[in-house]
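**Q** Below is one structure. I have some questions about it.
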Amino acid sequence: MAHIRPYREADLRAVYDVCVRTADAGGDARGKYRSDDLMPDLFAGPYVFLEPDFAFVLDDGQRAVGYVLGTPDTAAFVRAYRERWIPRLSGCYPLPPGNQGAPVPPASPDDEMIALHYRPERLLWSGLDAYPAHLHIDLLPPFQGAGHGRALMETFYAAAARAGAPGVHLTVLAANTRAIGFYRHLGLRRLDPAEPGESRVVYLGREL
Ligand SMILES: CC(C)(COP(=O)(O)OP(=O)(O)OC[C@H]1O[C@@H](n2cnc3c(N)ncnc32)[C@H](O)[C@@H]1OP(=O)(O)O)[C@@H](O)C(=O)NCCC(=O)NCCS
């Protein structure tokens, strides 16, 4: 029986594997970028490195086959990402041209993601006072649709609430209609950022 437990360092490769296999709007992103570590380096690695107490995995008895990762305090996470995570990956990804002078539109899918890596402040938005926590959840396909997603979300809610967060938000690609249906079914509601945002992304959240 698969069960939820806290993340440990030995889970890192399995967590990276789950991330890349679900990183294309819920589908498999292996081969989409020059390195299969690119998406996990943005959406998994910084969470387990900077916020290990808020990382939980679904273990099938052999390995991690799913996870929920996040932070109770997005603003503090953004600072830590810049101070500790970007230097840790130094040399892995070239600084985008726009970071060195006038902004330049990203030339490739890799450049687009690398630009996000070098701009963690993109995570700061008008809803953070009410919804300071945020999370990412992914399960390998054989473990989807069996109630594990709901259980992982509840595990994260409890940890973030214990840490004092009054609310949690997440962003999801508008194309990932299945995940949006899941979040809405769980009672997360649409949040509209005050600032002009990225139209491909939907913000959802709830009180804790
Ligand atoms: C999205 C995801 C995390 C959901 O987890 P899951 O384990 O498949 O979902 P669960 O089985 O726990 O579903 C929980 C509830 O949501 C409902 N639900 C699931 N998907 C739904 C949908 N698209 N629309 C409406 N309800 C949905 C289930 O019926 C279930 O209802 P119940 O508990 O009231 O009986 C999982 O499918 C996944 O990892 N997908 C690929 C990666 C991904 O897209 N991650 C999100 C990126 S933002």
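By order of appearance in the structure tokens: chains A, B, ..., then residues from 1 within every chain, and ligands from 1 in the order shown.
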At a cut-off of 8 Å, can you tabulate as JSON lines every residue of chain A near ligand 1 together with its closest atom pair and the distance in Å to one decimal, using only C-alpha atoms and all ligand atoms and ordering rows by chain then number?
**A**
{"residue": "A:Thr22", "atom": "CA", "partner": "ligand 1", "partner_atom_place_in_ligand_line": "42 (C)", "distance": 4.8}
{"residue": "A:Ala23", "atom": "CA", "partner": "ligand 1", "partner_atom_place_in_ligand_line": "42 (C)", "distance": 6.9}
{"residue": "A:Ala25", "atom": "CA", "partner": "ligand 1", "partner_atom_place_in_ligand_line": "44 (O)", "distance": 5.9}
{"residue": "A:Gly26", "atom": "CA", "partner": "ligand 1", "partner_atom_place_in_ligand_line": "44 (O)", "distance": 3.4}
{"residue": "A:Gly27", "atom": "CA", "partner": "ligand 1", "partner_atom_place_in_ligand_line": "41 (C)", "distance": 6.4}
{"residue": "A:Gly66", "atom": "CA", "partner": "ligand 1", "partner_atom_place_in_ligand_line": "39 (O)", "distance": 7.2}
{"residue": "A:His136", "atom": "CA", "partner": "ligand 1", "partner_atom_place_in_ligand_line": "48 (S)", "distance": 6.3}
{"residue": "A:Ile137", "atom": "CA", "partner": "ligand 1", "partner_atom_place_in_ligand_line": "3 (C)", "distance": 5.3}
{"residue": "A:Asp138", "atom": "CA", "partner": "ligand 1", "partner_atom_place_in_ligand_line": "39 (O)", "distance": 3.6}
{"residue": "A:Leu139", "atom": "CA", "partner": "ligand 1", "partner_atom_place_in_ligand_line": "39 (O)", "distance": 3.6}
{"residue": "A:Leu140", "atom": "CA", "partner": "ligand 1", "partner_atom_place_in_ligand_line": "39 (O)", "distance": 6.2}
{"residue": "A:Pro141", "atom": "CA", "partner": "ligand 1", "partner_atom_place_in_ligand_line": "41 (C)", "distance": 6.9}
{"residue": "A:Phe143", "atom": "CA", "partner": "ligand 1", "partner_atom_place_in_ligand_line": "7 (O)", "distance": 6.6}
{"residue": "A:Gln144", "atom": "CA", "partner": "ligand 1", "partner_atom_place_in_ligand_line": "8 (O)", "distance": 3.6}
{"residue": "A:Gly145", "atom": "CA", "partner": "ligand 1", "partner_atom_place_in_ligand_line": "11 (O)", "distance": 3.4}
{"residue": "A:Ala146", "atom": "CA", "partner": "ligand 1", "partner_atom_place_in_ligand_line": "11 (O)", "distance": 4.1}
{"residue": "A:Gly147", "atom": "CA", "partner": "ligand 1", "partner_atom_place_in_ligand_line": "12 (O)", "distance": 3.2}
{"residue": "A:His148", "atom": "CA", "partner": "ligand 1", "partner_atom_place_in_ligand_line": "7 (O)", "distance": 4.2}
{"residue": "A:Gly149", "atom": "CA", "partner": "ligand 1", "partner_atom_place_in_ligand_line": "7 (O)", "distance": 3.4}
{"residue": "A:Arg150", "atom": "CA", "partner": "ligand 1", "partner_atom_place_in_ligand_line": "12 (O)", "distance": 3.8}
{"residue": "A:Ala151", "atom": "CA", "partner": "ligand 1", "partner_atom_place_in_ligand_line": "12 (O)", "distance": 6.4}
{"residue": "A:Leu152", "atom": "CA", "partner": "ligand 1", "partner_atom_place_in_ligand_line": "12 (O)", "distance": 7.9}
{"residue": "A:Leu170", "atom": "CA", "partner": "ligand 1", "partner_atom_place_in_ligand_line": "48 (S)", "distance": 7.4}
{"residue": "A:Thr171", "atom": "CA", "partner": "ligand 1", "partner_atom_place_in_ligand_line": "48 (S)", "distance": 6.4}
{"residue": "A:Val172", "atom": "CA", "partner": "ligand 1", "partner_atom_place_in_ligand_line": "48 (S)", "distance": 4.3}
{"residue": "A:Leu173", "atom": "CA", "partner": "ligand 1", "partner_atom_place_in_ligand_line": "48 (S)", "distance": 6.7}
{"residue": "A:Asn176", "atom": "CA", "partner": "ligand 1", "partner_atom_place_in_ligand_line": "44 (O)", "distance": 6.2}
{"residue": "A:Thr177", "atom": "CA", "partner": "ligand 1", "partner_atom_place_in_ligand_line": "23 (N)", "distance": 6.7}
{"residue": "A:Arg178", "atom": "CA", "partner": "ligand 1", "partner_atom_place_in_ligand_line": "23 (N)", "distance": 3.8}
{"residue": "A:Ala179", "atom": "CA", "partner": "ligand 1", "partner_atom_place_in_ligand_line": "1 (C)", "distance": 4.1}
{"residue": "A:Ile180", "atom": "CA", "partner": "ligand 1", "partner_atom_place_in_ligand_line": "23 (N)", "distance": 6.4}
{"residue": "A:Gly181", "atom": "CA", "partner": "ligand 1", "partner_atom_place_in_ligand_line": "24 (N)", "distance": 3.4}
{"residue": "A:Phe182", "atom": "CA", "partner": "ligand 1", "partner_atom_place_in_ligand_line": "21 (C)", "distance": 3.7}
{"residue": "A:Tyr183", "atom": "CA", "partner": "ligand 1", "partner_atom_place_in_ligand_line": "16 (O)", "distance": 7.2}
{"residue": "A:Arg184", "atom": "CA", "partner": "ligand 1", "partner_atom_place_in_ligand_line": "25 (C)", "distance": 7.0}
{"residue": "A:His185", "atom": "CA", "partner": "ligand 1", "partner_atom_place_in_ligand_line": "26 (N)", "distance": 4.9}
{"residue": "A:Leu186", "atom": "CA", "partner": "ligand 1", "partner_atom_place_in_ligand_line": "16 (O)", "distance": 6.2}
**Q** Could you name the residues that touch Ala194 (chain A) at 10 Å or less, counting only C-alpha atoms, but leaving out those on the same chain fewer than 5 positions away, as number ranges by chain?
**A** A: 125-127
**Q** Take the residues that were just selected and, keeping N, CA and C atoms, output them as a JSON list (two decimals), in the first residue's frame.
**A**
[["chain", "number", "residue", "atom", "x", "y", "z"],
["A", 125, "TRP", "N", 3.19, 38.24, -5.53],
["A", 125, "TRP", "CA", 1.98, 38.81, -6.16],
["A", 125, "TRP", "C", 1.06, 39.32, -5.07],
["A", 126, "SER", "N", -0.03, 39.98, -5.50],
["A", 126, "SER", "CA", -0.87, 40.74, -4.56],
["A", 126, "SER", "C", -1.61, 39.87, -3.55],
["A", 127, "GLY", "N", -1.73, 38.57, -3.78],
["A", 127, "GLY", "CA", -2.49, 37.72, -2.85],
["A", 127, "GLY", "C", -1.70, 37.15, -1.69]]
**Q** Between CA of Cys92 (chain A) and CA of Arg13 (chain A), what is the distance, to one decimal in Å?
**A**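 CA of Arg13 (chain A) lies at a distance of 17.2 Å from CA of Cys92 (chain A).
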**Q** Given the choices A:His3, A:His117, A:His134, A:Arg122, which gets closest to Asp60 (chain A) if the distance is worked out from only C-alpha atoms?
**A**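 Once distances to Asp60 (chain A) are computed over only C-alpha atoms, the minimum belongs to A:His3.
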**Q** Please report as a Markdown table every residue of region 52-77 of chain A lying within 6 Å of region 4-10 of chain A, along with the nearest atom pair and their distance in Å (one decimal), using only C-alpha atoms.
**A**
| residue | atom | partner | partner_atom | distance |
| --- | --- | --- | --- | --- |
| A:Ala55 | CA | A:Tyr7 | CA | 5.3 |
| A:Phe56 | CA | A:Pro6 | CA | 4.4 |
| A:Val57 | CA | A:Ile4 | CA | 5.6 |
| A:Leu58 | CA | A:Ile4 | CA | 4.5 |
**Q** Pull N, CA and C atoms from the residues just selected and write them as a short mmCIF file (atom, residue, chain, number, x, y, z; two decimals), in the first residue's frame.
**A**
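As a result, part-v8.cif now contains:
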data_model
loop_
_atom_site.label_atom_id
_atom_site.label_comp_id
_atom_site.auth_asym_id
_atom_site.auth_seq_id
_atom_site.Cartn_x
_atom_site.Cartn_y
_atom_site.Cartn_z
N ALA A 55 7.93 19.15 2.66
CA ALA A 55 7.99 18.23 1.52
C ALA A 55 7.56 16.85 1.99
N PHE A 56 6.57 16.28 1.29
CA PHE A 56 6.05 14.96 1.64
C PHE A 56 5.97 14.13 0.37
N VAL A 57 6.27 12.84 0.51
CA VAL A 57 6.21 11.97 -0.67
C VAL A 57 5.18 10.87 -0.46
N LEU A 58 4.70 10.36 -1.59
CA LEU A 58 3.92 9.13 -1.59
C LEU A 58 4.90 8.01 -1.90
#
**Q** Calculate how many Å separate CA of Ala29 (chain A) from CA of Ala75 (chain A), rounding to one decimal.
**A**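 Result for CA of Ala29 (chain A) versus CA of Ala75 (chain A): 28.3 Å, one decimal.
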**Q** For a quick check of understanding, using only C-alpha atoms, which of A:Met153, A:Leu124, A:Ala158, A:Leu50 has the smallest distance to Thr71 (chain A)?
**A**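 For Thr71 (chain A), the nearest of the given residues is A:Leu50.
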**Q** Based on DSSP run over this structure's backbone, return all residues of region 31-200 of chain A in strand (DSSP E), as a ChimeraX atom specification.
**A** /A:56-59,64-71,133-139,167-173,189-191
**Q** CA of Thr74 (chain A) and CA of Ala165 (chain A), how far apart in Å?
**A**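 About the pair CA of Ala165 (chain A) and CA of Thr74 (chain A): they are 10.1 Å apart.
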**Q** Could you give me, as a tab-separated table (two decimals) with C-alpha atoms, in the first residue's frame, the residues within 12 Å of Ile86 (chain A), counting only C-alpha atoms and dropping anything in the same chain fewer than 5 positions from it?
**A**
chain	number	residue	atom	x	y	z
A	41	ASP	CA	15.60	22.33	-10.83
A	42	LEU	CA	12.85	24.98	-10.86
A	45	GLY	CA	14.84	20.93	-6.11
A	46	PRO	CA	14.49	24.36	-4.49
A	49	PHE	CA	16.50	22.01	-0.43
A	50	LEU	CA	15.04	25.19	1.09
A	78	VAL	CA	11.81	33.90	-2.82
A	79	ARG	CA	14.63	35.47	-0.77
A	80	ALA	CA	16.13	32.04	0.01
A	81	TYR	CA	15.83	31.00	-3.66
A	91	GLY	CA	27.30	27.22	-13.80
A	92	CYS	CA	24.37	24.91	-14.66
A	93	TYR	CA	22.35	27.42	-16.64
A	94	PRO	CA	23.58	30.40	-18.66
A	95	LEU	CA	22.32	33.76	-17.48
A	114	ILE	CA	15.96	29.54	-17.38
A	115	ALA	CA	14.62	33.11	-17.30
A	116	LEU	CA	12.10	31.98	-14.65
A	117	HIS	CA	14.91	30.41	-12.62
A	118	TYR	CA	16.79	33.71	-12.52
A	119	ARG	CA	13.63	35.65	-11.55
A	120	PRO	CA	12.21	34.05	-8.37
**Q** Excluding Leu188 (chain A) and any residue of its chain fewer than 4 positions from it, enumerate the residues within 9 Å of it, using only C-alpha atoms, and give them as a PDB file with N, CA and C atoms, in the first residue's frame.
**A**
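New file around.pdb:
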ATOM      1  N   HIS A 169      -1.937  29.208  -1.815  1.00  0.00           N
ATOM      2  CA  HIS A 169      -2.307  29.372  -3.217  1.00  0.00           C
ATOM      3  C   HIS A 169      -1.441  28.456  -4.067  1.00  0.00           C
ATOM      4  N   TYR A 183      -8.393  20.628  -8.327  1.00  0.00           N
ATOM      5  CA  TYR A 183      -8.281  21.689  -7.315  1.00  0.00           C
ATOM      6  C   TYR A 183      -9.657  22.278  -7.001  1.00  0.00           C
ATOM      7  N   ARG A 184     -10.463  22.517  -8.030  1.00  0.00           N
ATOM      8  CA  ARG A 184     -11.792  23.110  -7.803  1.00  0.00           C
ATOM      9  C   ARG A 184     -12.651  22.143  -6.992  1.00  0.00           C
ATOM     10  N   LEU A 204      -5.153  29.775  -7.946  1.00  0.00           N
ATOM     11  CA  LEU A 204      -6.204  29.192  -7.114  1.00  0.00           C
ATOM     12  C   LEU A 204      -5.746  29.232  -5.670  1.00  0.00           C
ATOM     13  N   GLY A 205      -6.696  29.276  -4.726  1.00  0.00           N
ATOM     14  CA  GLY A 205      -6.279  29.274  -3.329  1.00  0.00           C
ATOM     15  C   GLY A 205      -7.417  28.986  -2.380  1.00  0.00           C
ATOM     16  N   ARG A 206      -7.059  28.846  -1.108  1.00  0.00           N
ATOM     17  CA  ARG A 206      -8.055  28.638  -0.049  1.00  0.00           C
ATOM     18  C   ARG A 206      -7.460  29.059   1.297  1.00  0.00           C
ATOM     19  N   GLU A 207      -8.351  29.330   2.243  1.00  0.00           N
ATOM     20  CA  GLU A 207      -7.899  29.614   3.609  1.00  0.00           C
ATOM     21  C   GLU A 207      -7.465  28.295   4.238  1.00  0.00           C
TER      22      GLU A 207
END
**Q** For the structure I just gave you, how does DSSP split region 35-162 of chain A - specifically, which residues are helix (DSSP H, G or I)? Reply as a PyMOL selection string.
**A** chain A and resi 38-43+45-50+52-54+74-88+97-100+109-117+120-123+141-143+148-162
**Q** A:Val68, A:Leu12, A:Leu128, A:Val201: which is nearest Phe54 (chain A), counting only C-alpha atoms?
**A**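 The answer is A:Val68, which sits nearest to Phe54 (chain A).
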**Q** With distances taken over only C-alpha atoms, which residue among A:Tyr16, A:Asp24, A:Gly31, A:Ala130 lies nearest Ala44 (chain A)?
**A**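 Going through A:Tyr16, A:Asp24, A:Gly31, A:Ala130 one by one, the smallest distance to Ala44 (chain A) is for A:Tyr16.
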